[in-house]
Amino acid sequence: YKAKGGTELVPLPQLKDAPPAEQHELFIKKLQQCSVVFDFMDSVSDLKGKEIKRASLNELVDYITAGRGVLTEQVYPEVVKMIASNIFRTLPPSENTEFDPEEDDPTLEASWPHLQIVYEFFLRFLESPDFQPSIAKKYIDQKFVLQLLELFDSEDPR
């Protein structure tokens, strides 16, 4: 939940405003920027950074949804790194050791405002006409899949 390394995010230019020759490099920079993880347990810390990241995540979703030819082989490791740094986290401890989904309120994930967009980006990445499974297999390995499956242990139904 902590912002790694105290990195302060600065707004990058919009992808749609960048010249076509610079979009690929800017796309990678935005993926790297979105790999910074913030502490959502402290709702007032890093508000500017959280907002910059949220806007960048939304922009990345739009970019891979509308763009063609944006998923080049160089992008895959950055995409997987960004997704992994955000979704693979220690799940919040249960406040109820005998949690019953029918009876008890779940422990909700404080970082959901960013997680939701990261999951959306991951889905759009996998659904993209440009997605190449043969390249993705180099980066989405068994460890990645096992960590993804572990997330189903969360009490958060979202």
# chains A, B, ... in the order shown; residues from 1 in each chain; ligands from 1
call {"tool": "residues_around", "arguments": {"residues": "region 61-77 of chain A", "least_positions_apart": "3", "cutoff": "9 Å", "atoms": "only C-alpha atoms", "output": "ChimeraX atom specification"}}
result
/A:15-16,23-24,27-28,31,56-58,80-82,117-118,120-122,124-125,127-132,135-136,138-140
call {"tool": "residues_around", "arguments": {"residues": "Gln33 (chain A)", "least_positions_apart": "4", "cutoff": "12 Å", "atoms": "only C-alpha atoms", "output": "PyMOL selection string"}}
result
chain A and resi 3-4+7-12+26-29+37-38+49-50+52-57+60+78-79+81-83+85-86
call {"tool": "atom_distance", "arguments": {"atom1": "CA of Ala21 (chain A)", "atom2": "CA of Ala84 (chain A)"}}
result
27.9 Å
call {"tool": "closest_residue", "arguments": {"among": "A:Gln32, A:Ile87, A:Leu149, A:Lys137", "to": "Ser111 (chain A)", "atoms": "only C-alpha atoms"}}
result
A:Ile87
call {"tool": "select_by_dssp", "arguments": {"residues": "region 35-90 of chain A", "states": "alpha helix (DSSP H)", "output": "PyMOL selection string"}}
result
chain A and resi 47-66+75-87
call {"tool": "write_last_selection", "arguments": {"atoms": "N, CA and C atoms", "output": "JSON list (two decimals), in the first residue's frame"}}
result
[["chain", "number", "residue", "atom", "x", "y", "z"],
["A", 47, "LEU", "N", -2.55, 13.00, -2.61],
["A", 47, "LEU", "CA", -3.77, 13.18, -3.40],
["A", 47, "LEU", "C", -3.46, 13.55, -4.85],
["A", 48, "LYS", "N", -2.46, 14.41, -5.04],
["A", 48, "LYS", "CA", -2.10, 14.83, -6.39],
["A", 48, "LYS", "C", -1.58, 13.63, -7.19],
["A", 49, "GLY", "N", -0.68, 12.86, -6.60],
["A", 49, "GLY", "CA", -0.13, 11.68, -7.27],
["A", 49, "GLY", "C", -1.20, 10.65, -7.59],
["A", 50, "LYS", "N", -2.13, 10.43, -6.66],
["A", 50, "LYS", "CA", -3.22, 9.48, -6.88],
["A", 50, "LYS", "C", -4.09, 9.92, -8.05],
["A", 51, "GLU", "N", -4.34, 11.21, -8.14],
["A", 51, "GLU", "CA", -5.18, 11.73, -9.22],
["A", 51, "GLU", "C", -4.44, 11.64, -10.56],
["A", 52, "ILE", "N", -3.15, 11.94, -10.58],
["A", 52, "ILE", "CA", -2.36, 11.82, -11.81],
["A", 52, "ILE", "C", -2.39, 10.37, -12.29],
["A", 53, "LYS", "N", -2.21, 9.45, -11.37],
["A", 53, "LYS", "CA", -2.20, 8.03, -11.74],
["A", 53, "LYS", "C", -3.58, 7.61, -12.24],
["A", 54, "ARG", "N", -4.63, 8.02, -11.56],
["A", 54, "ARG", "CA", -5.99, 7.65, -11.97],
["A", 54, "ARG", "C", -6.26, 8.13, -13.39],
["A", 55, "ALA", "N", -5.90, 9.39, -13.66],
["A", 55, "ALA", "CA", -6.11, 9.95, -15.01],
["A", 55, "ALA", "C", -5.27, 9.20, -16.05],
["A", 56, "SER", "N", -4.04, 8.86, -15.70],
["A", 56, "SER", "CA", -3.17, 8.12, -16.63],
["A", 56, "SER", "C", -3.72, 6.72, -16.88],
["A", 57, "LEU", "N", -4.21, 6.05, -15.84],
["A", 57, "LEU", "CA", -4.79, 4.72, -16.03],
["A", 57, "LEU", "C", -5.98, 4.76, -16.97],
["A", 58, "ASN", "N", -6.85, 5.74, -16.77],
["A", 58, "ASN", "CA", -8.01, 5.89, -17.67],
["A", 58, "ASN", "C", -7.57, 6.16, -19.10],
["A", 59, "GLU", "N", -6.55, 6.98, -19.25],
["A", 59, "GLU", "CA", -6.03, 7.29, -20.57],
["A", 59, "GLU", "C", -5.45, 6.04, -21.23],
["A", 60, "LEU", "N", -4.74, 5.21, -20.46],
["A", 60, "LEU", "CA", -4.17, 3.96, -20.99],
["A", 60, "LEU", "C", -5.26, 3.01, -21.46],
["A", 61, "VAL", "N", -6.35, 2.93, -20.70],
["A", 61, "VAL", "CA", -7.48, 2.08, -21.09],
["A", 61, "VAL", "C", -8.02, 2.56, -22.45],
["A", 62, "ASP", "N", -8.24, 3.85, -22.56],
["A", 62, "ASP", "CA", -8.76, 4.41, -23.82],
["A", 62, "ASP", "C", -7.79, 4.19, -24.97],
["A", 63, "TYR", "N", -6.50, 4.34, -24.70],
["A", 63, "TYR", "CA", -5.47, 4.24, -25.74],
["A", 63, "TYR", "C", -5.41, 2.83, -26.32],
["A", 64, "ILE", "N", -5.42, 1.79, -25.47],
["A", 64, "ILE", "CA", -5.32, 0.44, -26.04],
["A", 64, "ILE", "C", -6.67, -0.04, -26.59],
["A", 65, "THR", "N", -7.76, 0.60, -26.16],
["A", 65, "THR", "CA", -9.07, 0.23, -26.69],
["A", 65, "THR", "C", -9.26, 0.79, -28.09],
["A", 66, "ALA", "N", -8.85, 2.04, -28.29],
["A", 66, "ALA", "CA", -9.09, 2.72, -29.57],
["A", 66, "ALA", "C", -7.92, 2.58, -30.54],
["A", 75, "VAL", "N", 6.28, -3.37, -25.43],
["A", 75, "VAL", "CA", 5.32, -2.90, -24.44],
["A", 75, "VAL", "C", 4.92, -4.00, -23.45],
["A", 76, "TYR", "N", 4.93, -5.25, -23.87],
["A", 76, "TYR", "CA", 4.44, -6.35, -23.03],
["A", 76, "TYR", "C", 5.08, -6.40, -21.64],
["A", 77, "PRO", "N", 6.43, -6.35, -21.52],
["A", 77, "PRO", "CA", 6.98, -6.43, -20.16],
["A", 77, "PRO", "C", 6.53, -5.27, -19.28],
["A", 78, "GLU", "N", 6.38, -4.08, -19.86],
["A", 78, "GLU", "CA", 5.93, -2.91, -19.07],
["A", 78, "GLU", "C", 4.47, -3.05, -18.66],
["A", 79, "VAL", "N", 3.65, -3.59, -19.57],
["A", 79, "VAL", "CA", 2.24, -3.81, -19.25],
["A", 79, "VAL", "C", 2.11, -4.80, -18.10],
["A", 80, "VAL", "N", 2.80, -5.92, -18.20],
["A", 80, "VAL", "CA", 2.71, -6.96, -17.17],
["A", 80, "VAL", "C", 3.27, -6.44, -15.84],
["A", 81, "LYS", "N", 4.36, -5.69, -15.90],
["A", 81, "LYS", "CA", 4.96, -5.12, -14.68],
["A", 81, "LYS", "C", 3.98, -4.16, -14.01],
["A", 82, "MET", "N", 3.32, -3.32, -14.81],
["A", 82, "MET", "CA", 2.37, -2.36, -14.24],
["A", 82, "MET", "C", 1.19, -3.09, -13.61],
["A", 83, "ILE", "N", 0.65, -4.08, -14.30],
["A", 83, "ILE", "CA", -0.48, -4.83, -13.77],
["A", 83, "ILE", "C", -0.08, -5.54, -12.47],
["A", 84, "ALA", "N", 1.07, -6.23, -12.51],
["A", 84, "ALA", "CA", 1.53, -6.98, -11.34],
["A", 84, "ALA", "C", 1.78, -6.07, -10.14],
["A", 85, "SER", "N", 2.40, -4.92, -10.36],
["A", 85, "SER", "CA", 2.73, -4.04, -9.23],
["A", 85, "SER", "C", 1.47, -3.51, -8.55],
["A", 86, "ASN", "N", 0.38, -3.44, -9.30],
["A", 86, "ASN", "CA", -0.86, -2.93, -8.73],
["A", 86, "ASN", "C", -1.75, -4.01, -8.13],
["A", 87, "ILE", "N", -1.93, -5.12, -8.84],
["A", 87, "ILE", "CA", -2.92, -6.09, -8.35],
["A", 87, "ILE", "C", -2.35, -7.11, -7.39]]
